[in-house]
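Chemist: Data file run-v4.txt (compact mmCIF, C-alpha atoms) is appended below.
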```
# COMPACT_ATOMS: atom_id res chain seq x y z
CA MET O 1 -64.12 -26.00 84.00
CA SER O 2 -60.44 -25.14 83.65
CA SER O 3 -59.13 -21.63 83.33
CA ILE O 4 -58.11 -22.35 79.75
CA ASP O 5 -61.69 -23.21 78.79
CA SER O 6 -62.89 -19.89 80.16
CA LEU O 7 -60.69 -17.86 77.77
CA PRO O 8 -62.42 -16.17 74.80
CA PRO O 9 -62.02 -17.82 71.41
CA ALA O 10 -59.00 -16.81 69.34
CA VAL O 11 -59.50 -14.05 66.82
CA THR O 12 -58.59 -15.09 63.32
CA VAL O 13 -56.59 -12.95 60.89
CA SER O 14 -59.60 -12.54 58.62
CA GLN O 15 -61.64 -11.18 61.51
CA VAL O 16 -58.92 -8.66 62.33
CA GLN O 17 -58.82 -7.55 58.71
CA ARG O 18 -62.60 -7.14 58.67
CA ARG O 19 -62.51 -5.10 61.87
CA ARG O 20 -59.66 -2.89 60.72
CA LYS O 21 -60.90 0.51 59.68
CA PRO O 22 -59.78 1.86 56.32
CA ARG O 23 -57.12 4.53 56.38
CA ARG O 24 -58.64 7.97 56.33
CA GLY O 25 -57.08 10.42 53.94
CA LEU O 26 -56.03 13.92 54.75
CA PRO O 27 -58.62 16.68 54.56
CA GLY O 28 -59.08 17.63 50.94
CA GLU O 29 -57.27 14.54 49.67
CA GLY O 30 -58.67 13.12 46.44
CA PRO O 31 -59.03 14.04 42.80
CA THR O 32 -58.52 17.75 42.22
CA ALA O 33 -58.75 17.93 38.44
CA VAL O 34 -62.30 19.31 38.53
CA LEU O 35 -61.37 21.98 41.07
CA SER O 36 -58.33 22.94 38.98
CA VAL O 37 -60.45 23.32 35.87
CA LEU O 38 -62.98 25.41 37.77
CA SER O 39 -60.21 27.61 39.17
CA VAL O 40 -58.72 28.27 35.72
CA ALA O 41 -62.17 28.92 34.26
CA ALA O 42 -62.99 31.38 37.06
CA ILE O 43 -59.74 33.30 36.49
CA ALA O 44 -60.36 33.40 32.73
CA ALA O 45 -63.94 34.59 33.24
CA LEU O 46 -62.82 37.32 35.64
CA TRP O 47 -60.15 38.40 33.17
CA TRP O 48 -62.69 38.56 30.34
CA ALA O 49 -65.20 40.49 32.46
CA ALA O 50 -62.59 42.99 33.68
CA THR O 51 -61.54 43.82 30.13
CA SER O 52 -64.95 43.59 28.43
CA PHE O 53 -66.67 45.90 30.91
CA HIS O 54 -63.64 48.24 31.02
CA TRP O 55 -62.99 47.77 34.72
CA VAL O 56 -59.26 48.01 33.89
CA ALA O 57 -57.69 50.04 31.11
CA PRO O 58 -56.22 47.99 28.22
CA LEU O 59 -52.80 49.51 28.90
CA PHE O 60 -52.73 47.76 32.28
CA LEU O 61 -54.61 44.58 31.38
CA PRO O 62 -55.24 43.67 27.74
CA SER O 63 -58.19 41.50 26.80
CA PRO O 64 -57.82 37.77 26.07
CA GLN O 65 -58.55 38.52 22.40
CA ALA O 66 -55.68 41.03 22.29
CA VAL O 67 -53.31 38.55 23.92
CA TRP O 68 -54.33 35.86 21.43
CA SER O 69 -53.74 38.29 18.55
CA ALA O 70 -50.31 39.08 20.01
CA PHE O 71 -49.59 35.35 20.12
CA ILE O 72 -50.50 34.96 16.42
CA ASP O 73 -48.37 37.98 15.50
CA ALA O 74 -45.44 36.70 17.55
CA TRP O 75 -45.72 33.22 16.05
CA ASN O 76 -45.54 34.71 12.56
CA GLY O 77 -42.67 37.06 13.49
CA ARG O 78 -44.70 40.25 13.22
CA ILE O 79 -43.58 41.80 16.51
CA GLN O 80 -40.44 43.79 17.28
CA GLY O 81 -37.28 42.10 16.10
CA GLY O 82 -39.02 40.06 13.42
CA LEU O 83 -38.06 36.72 15.01
CA PRO O 84 -40.78 34.05 15.15
CA LEU O 85 -42.02 32.94 18.54
CA SER O 86 -40.65 29.43 17.99
CA GLU O 87 -37.10 30.83 17.99
CA HIS O 88 -37.73 32.73 21.21
CA LEU O 89 -39.09 29.54 22.78
CA LEU O 90 -36.14 27.50 21.56
CA TRP O 91 -33.50 29.83 22.98
CA SER O 92 -35.26 30.15 26.33
CA ALA O 93 -35.73 26.37 26.59
CA ILE O 94 -32.05 25.76 25.81
CA ARG O 95 -30.96 28.22 28.49
CA VAL O 96 -33.34 27.11 31.23
CA PHE O 97 -33.30 23.35 30.71
CA GLY O 98 -29.60 23.30 29.91
CA ALA O 99 -28.71 25.09 33.14
CA PHE O 100 -31.28 23.01 35.02
CA ALA O 101 -29.79 19.74 33.74
CA LEU O 102 -26.29 20.86 34.67
CA ALA O 103 -27.47 21.90 38.14
CA SER O 104 -29.24 18.57 38.63
CA VAL O 105 -26.22 16.40 37.86
CA THR O 106 -23.96 18.48 40.13
CA ALA O 107 -26.24 19.55 42.98
CA VAL O 108 -27.65 16.10 43.78
CA PRO O 109 -24.23 14.53 44.50
CA VAL O 110 -23.19 17.61 46.47
CA GLY O 111 -26.38 17.50 48.54
CA ILE O 112 -26.08 13.76 49.18
CA LEU O 113 -22.45 14.22 50.22
CA MET O 114 -23.44 17.00 52.61
CA GLY O 115 -26.10 14.75 54.07
CA VAL O 116 -23.78 11.80 54.78
CA SER O 117 -20.53 13.60 55.62
CA ARG O 118 -19.99 16.12 58.39
CA ILE O 119 -16.78 17.31 56.74
CA ALA O 120 -18.55 18.06 53.45
CA ARG O 121 -21.43 19.71 55.30
CA GLY O 122 -19.03 21.92 57.24
CA LEU O 123 -17.13 22.94 54.12
CA LEU O 124 -20.02 23.45 51.69
CA ASP O 125 -22.83 24.69 53.90
CA PRO O 126 -21.49 28.27 54.49
CA PRO O 127 -21.06 29.25 50.81
CA LEU O 128 -24.35 27.58 49.88
CA GLU O 129 -26.30 29.34 52.60
CA PHE O 130 -24.53 32.63 51.82
CA TYR O 131 -25.47 32.87 48.15
CA ARG O 132 -28.82 31.05 48.30
CA PRO O 133 -30.91 34.07 49.45
CA LEU O 134 -29.18 36.48 47.06
CA PRO O 135 -31.38 37.61 44.16
CA PRO O 136 -29.91 36.86 40.71
CA LEU O 137 -29.86 40.57 39.83
CA ALA O 138 -27.44 41.10 42.72
CA TYR O 139 -24.67 38.92 41.31
CA LEU O 140 -25.59 39.27 37.62
CA PRO O 141 -23.19 42.22 37.06
CA LEU O 142 -20.35 40.26 38.63
CA VAL O 143 -21.07 37.22 36.44
CA VAL O 144 -21.06 39.46 33.37
CA ILE O 145 -17.70 40.95 34.38
CA TRP O 146 -16.20 37.51 34.91
CA PHE O 147 -17.68 35.62 31.95
CA GLY O 148 -18.66 38.27 29.41
CA ILE O 149 -22.02 38.87 27.76
CA ASP O 150 -22.34 35.67 25.75
CA GLU O 151 -24.39 32.57 26.58
CA THR O 152 -22.01 31.48 29.35
CA ALA O 153 -23.10 34.26 31.68
CA LYS O 154 -26.78 33.49 31.09
CA LEU O 155 -26.31 29.79 31.79
CA ILE O 156 -24.32 30.46 34.95
CA VAL O 157 -26.94 32.81 36.40
CA ILE O 158 -29.73 30.29 35.81
CA TYR O 159 -27.48 27.46 37.01
CA LEU O 160 -26.82 29.22 40.32
CA ALA O 161 -30.54 29.84 40.79
CA CYS O 162 -31.29 26.12 40.29
CA PHE O 163 -28.32 24.70 42.19
CA ALA O 164 -29.19 25.80 45.73
CA PRO O 165 -32.73 24.34 46.05
CA ILE O 166 -31.65 21.01 44.52
CA ALA O 167 -28.62 20.70 46.81
CA MET O 168 -30.62 21.60 49.90
CA ALA O 169 -33.37 19.14 49.00
CA ALA O 170 -30.84 16.35 48.43
CA ARG O 171 -29.14 17.14 51.74
CA ALA O 172 -32.45 17.05 53.62
CA GLY O 173 -33.45 13.85 51.84
CA ALA O 174 -30.18 12.12 52.69
CA ARG O 175 -30.92 12.73 56.36
CA SER O 176 -34.18 10.80 55.94
CA ALA O 177 -32.35 7.48 55.93
CA THR O 178 -32.57 6.14 59.49
CA ALA O 179 -29.58 4.90 61.44
CA GLU O 180 -31.16 1.44 61.60
CA GLN O 181 -31.30 1.23 57.82
CA VAL O 182 -27.71 2.37 57.42
CA ASN O 183 -26.38 0.06 60.14
CA ALA O 184 -28.32 -2.87 58.71
CA ALA O 185 -26.74 -2.28 55.29
CA TYR O 186 -23.27 -2.12 56.83
CA SER O 187 -23.89 -5.27 58.85
CA LEU O 188 -24.74 -7.10 55.62
CA GLY O 189 -21.33 -6.20 54.24
CA GLY O 190 -22.26 -3.16 52.20
CA SER O 191 -19.61 -0.60 51.34
CA PHE O 192 -20.01 3.15 51.74
CA ALA O 193 -20.85 3.55 48.05
CA GLN O 194 -23.41 0.73 48.21
CA VAL O 195 -25.06 2.22 51.31
CA VAL O 196 -25.34 5.58 49.58
CA ARG O 197 -26.68 4.03 46.38
CA PHE O 198 -29.16 1.52 47.81
CA VAL O 199 -30.17 3.11 51.14
CA VAL O 200 -29.51 6.86 51.23
CA LEU O 201 -30.42 7.71 47.63
CA PRO O 202 -33.84 5.94 47.64
CA ALA O 203 -34.65 7.61 50.96
CA ALA O 204 -33.67 11.00 49.54
CA LEU O 205 -35.48 10.58 46.21
CA PRO O 206 -38.82 12.16 47.26
CA GLU O 207 -37.06 15.27 48.57
CA ILE O 208 -34.84 15.43 45.48
CA LEU O 209 -37.85 15.39 43.16
CA THR O 210 -39.45 18.18 45.18
CA GLY O 211 -36.22 20.16 44.93
CA LEU O 212 -36.19 19.68 41.16
CA ARG O 213 -39.71 21.03 40.88
CA ILE O 214 -38.77 24.10 42.92
CA ALA O 215 -35.54 24.61 40.99
CA ILE O 216 -37.16 24.70 37.56
CA GLY O 217 -39.44 27.45 38.84
CA PHE O 218 -36.42 29.43 39.97
CA GLY O 219 -34.87 28.82 36.55
CA TRP O 220 -37.78 30.38 34.69
CA THR O 221 -37.89 33.22 37.21
CA THR O 222 -34.23 33.98 36.58
CA LEU O 223 -34.62 33.74 32.80
CA VAL O 224 -35.77 37.34 32.42
CA ALA O 225 -32.79 38.60 34.41
CA ALA O 226 -30.40 36.41 32.42
CA GLU O 227 -31.75 37.59 29.08
CA MET O 228 -31.21 41.21 30.05
CA VAL O 229 -27.56 40.62 29.11
CA ALA O 230 -27.22 41.30 25.37
CA ALA O 231 -29.83 38.73 24.34
CA THR O 232 -31.36 38.95 20.88
CA ALA O 233 -33.85 36.09 21.32
CA GLY O 234 -35.75 34.51 24.17
CA LEU O 235 -39.04 34.91 25.98
CA GLY O 236 -37.50 37.12 28.63
CA GLN O 237 -35.92 39.36 26.01
CA MET O 238 -39.23 39.52 24.15
CA VAL O 239 -41.09 40.57 27.29
CA LEU O 240 -38.47 43.20 28.17
CA ASN O 241 -38.59 44.72 24.69
CA ALA O 242 -42.39 44.73 24.70
CA SER O 243 -42.46 46.53 28.05
CA SER O 244 -40.22 49.26 26.61
CA PHE O 245 -42.82 49.91 23.88
CA LEU O 246 -45.80 49.54 26.28
CA ARG O 247 -46.97 46.42 24.42
CA THR O 248 -48.82 45.00 27.39
CA ASP O 249 -50.48 42.36 25.22
CA VAL O 250 -47.09 40.91 24.30
CA VAL O 251 -45.94 41.11 27.93
CA VAL O 252 -49.00 39.18 29.14
CA MET O 253 -48.62 36.69 26.30
CA GLY O 254 -44.99 36.02 27.30
CA ILE O 255 -45.96 35.66 30.96
CA VAL O 256 -48.70 33.17 30.09
CA LEU O 257 -46.32 31.16 27.90
CA ILE O 258 -43.65 30.95 30.60
CA GLY O 259 -46.25 29.93 33.15
CA LEU O 260 -47.73 27.25 30.90
CA ILE O 261 -44.31 25.77 30.11
CA ALA O 262 -43.32 25.68 33.78
CA TRP O 263 -46.71 24.23 34.74
CA THR O 264 -46.45 21.50 32.10
CA PHE O 265 -42.99 20.56 33.34
CA ASP O 266 -44.26 20.47 36.92
CA LEU O 267 -47.10 18.13 35.93
CA GLY O 268 -44.53 15.86 34.28
CA MET O 269 -42.44 15.89 37.46
CA ARG O 270 -45.51 14.97 39.49
CA ALA O 271 -46.18 12.01 37.21
CA LEU O 272 -42.54 10.95 37.49
CA GLU O 273 -42.75 11.26 41.27
CA ARG O 274 -45.82 9.00 41.38
CA ARG O 275 -43.93 6.44 39.32
CA LEU O 276 -40.58 6.54 41.12
CA VAL O 277 -41.81 6.97 44.71
CA PRO O 278 -45.32 5.47 44.76
CA TRP O 279 -45.08 4.90 48.51
CA ARG O 280 -44.87 8.59 49.36
CA GLY O 281 -47.82 9.75 51.44
CA LYS O 282 -49.25 6.23 51.75
CA LEU O 283 -47.45 5.02 54.87
```
Could you rewrite the structure in this file as structure tokens?

Modeler:
Amino acid sequence: MSSIDSLPPAVTVSQVQRRRKPRRGLPGEGPTAVLSVLSVAAIAALWWAATSFHWVAPLFLPSPQAVWSAFIDAWNGRIQGGLPLSEHLLWSAIRVFGAFALASVTAVPVGILMGVSRIARGLLDPPLEFYRPLPPLAYLPLVVIWFGIDETAKLIVIYLACFAPIAMAARAGARSATAEQVNAAYSLGGSFAQVVRFVVLPAALPEILTGLRIAIGFGWTTLVAAEMVAATAGLGQMVLNASSFLRTDVVVMGIVLIGLIAWTFDLGMRALERRLVPWRGKL
């Protein structure tokens, strides 16, 4: 018998596929909708119990019924100021999403440029890292002095809060493109603009979407500070006025509304992320 005859039989591709073990997910990976519903229900039940059994005074934590009544009154314009809740929502949405849109279209190119160019990174990184940790209330007076008390100052404060996380996410994402990918694109005759568009930008897209989700949260957080400046309408202004009159039910109602709007937007961003970058987390 020859040495060739003594070799084991070849393994076919189908046998390899049958032997291959399925990819194991991360701990806790899987559908979380049920857990989310249970978490919200538990918080609501604890809130109801704390107010119904008078564990907390209504001044500090109003009952869900009181918050719902405040919502009905606000919707019909029966709270301080006489403006309906829809107008407060409209003005806040214009300020937050307007500044967020402006920050998105400017911060993404800046972040990509910082990721692909050492010169841009050296020039833009110091001012970005300097103002990024500053709280909006720190530079709000300066913005008011420079731009007045109209809508421009409010938009700029929210814009600055959204700009930094988007730019940093785009910069980090641009660094995700490997040297092999970039060199392969150049070897195929691609220009710098084509490499950025077809190689760097797709590689940076997951990080950019994460940065957008973080930025919109910062935008809503900064809204209350922005609407401290001579605002006559807006959720932040409504909450500030209610706190002056110890209307805790209106304060909690405004907080819940802001949280629900931000949460809804975040869910939309997650759905967009699953559509645009379906490969993320599956490699």

Chemist: Pick the closest to Tyr159 (chain O) from O:Ala174, O:Ala184, O:Val96, O:Val116: which is it, counting all atoms listed in the file?

Modeler: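 Under the stated criterion, the closest residue is O:Val96.
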
Chemist: Rounded to one decimal, what separation in Å do you get between CA of Lys154 (chain O) and CA of Trp68 (chain O)?

Modeler: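 According to the coordinates, CA of Lys154 (chain O) and CA of Trp68 (chain O) are separated by 29.3 Å.
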
Chemist: Hey, what's within 12 Å of Ala44 (chain O) if we count all atoms listed in the file and toss same-chain stuff fewer than 6 positions away? As a PyMOL selection string, please?

Modeler: chain O and resi 37-38+50-52+63-65+256

Chemist: So that I can check the surroundings of Leu212 (chain O), please list as a PyMOL selection string every protein, DNA and RNA residue that reaches within 9 Å of it, counting all atoms listed in the file and ignoring chain neighbours fewer than 6 positions away.

Modeler: chain O and resi 100+104+162+165-166+169+269

Chemist: CA of Ala153 (chain O) and CA of Ala93 (chain O) are how many Å apart?

Modeler: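 Spanning CA of Ala153 (chain O) to CA of Ala93 (chain O) is a straight-line distance of 15.7 Å.
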
Chemist: List as JSON, numbers by chain the protein and nucleic acid residues near region 263-265 of chain O, meaning an atom at most 9 Å away when only C-alpha atoms are counted, but skip any in the same chain fewer than 6 places from it.

Modeler: {"O": [213, 216, 217]}

Chemist: What is the CA of Gly148 (chain O) to CA of Ser92 (chain O) distance in Å?

Modeler: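 The value is 18.7 Å.
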
Chemist: For a quick check of understanding, using all atoms listed in the file, which of O:Phe218, O:Ala45, O:Arg78, O:Val157 has the smallest distance to Pro141 (chain O)?

Modeler: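 Result for the nearest residue to Pro141 (chain O): O:Val157.
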
Chemist: Between O:Phe147, O:Phe71, O:Trp91, O:Phe192, which residue has the minimum interatomic distance to Leu223 (chain O), considering only C-alpha atoms?

Modeler: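 Smallest distance to Leu223 (chain O) is found for O:Trp91.
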
Chemist: From the set O:Arg171, O:Arg275, O:Arg270, O:Arg197, which residue has the shortest atom-to-atom contact distance to Arg121 (chain O), counting all atoms listed in the file?

Modeler: O:Arg171

Chemist: Kindly indicate which residue among O:Ile261, O:Ala177, O:Ala107, O:Leu134 lies nearest to Phe163 (chain O), using all atoms listed in the file for the distances.

Modeler: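 Counting all atoms listed in the file, the residue closest to Phe163 (chain O) is O:Ala107.
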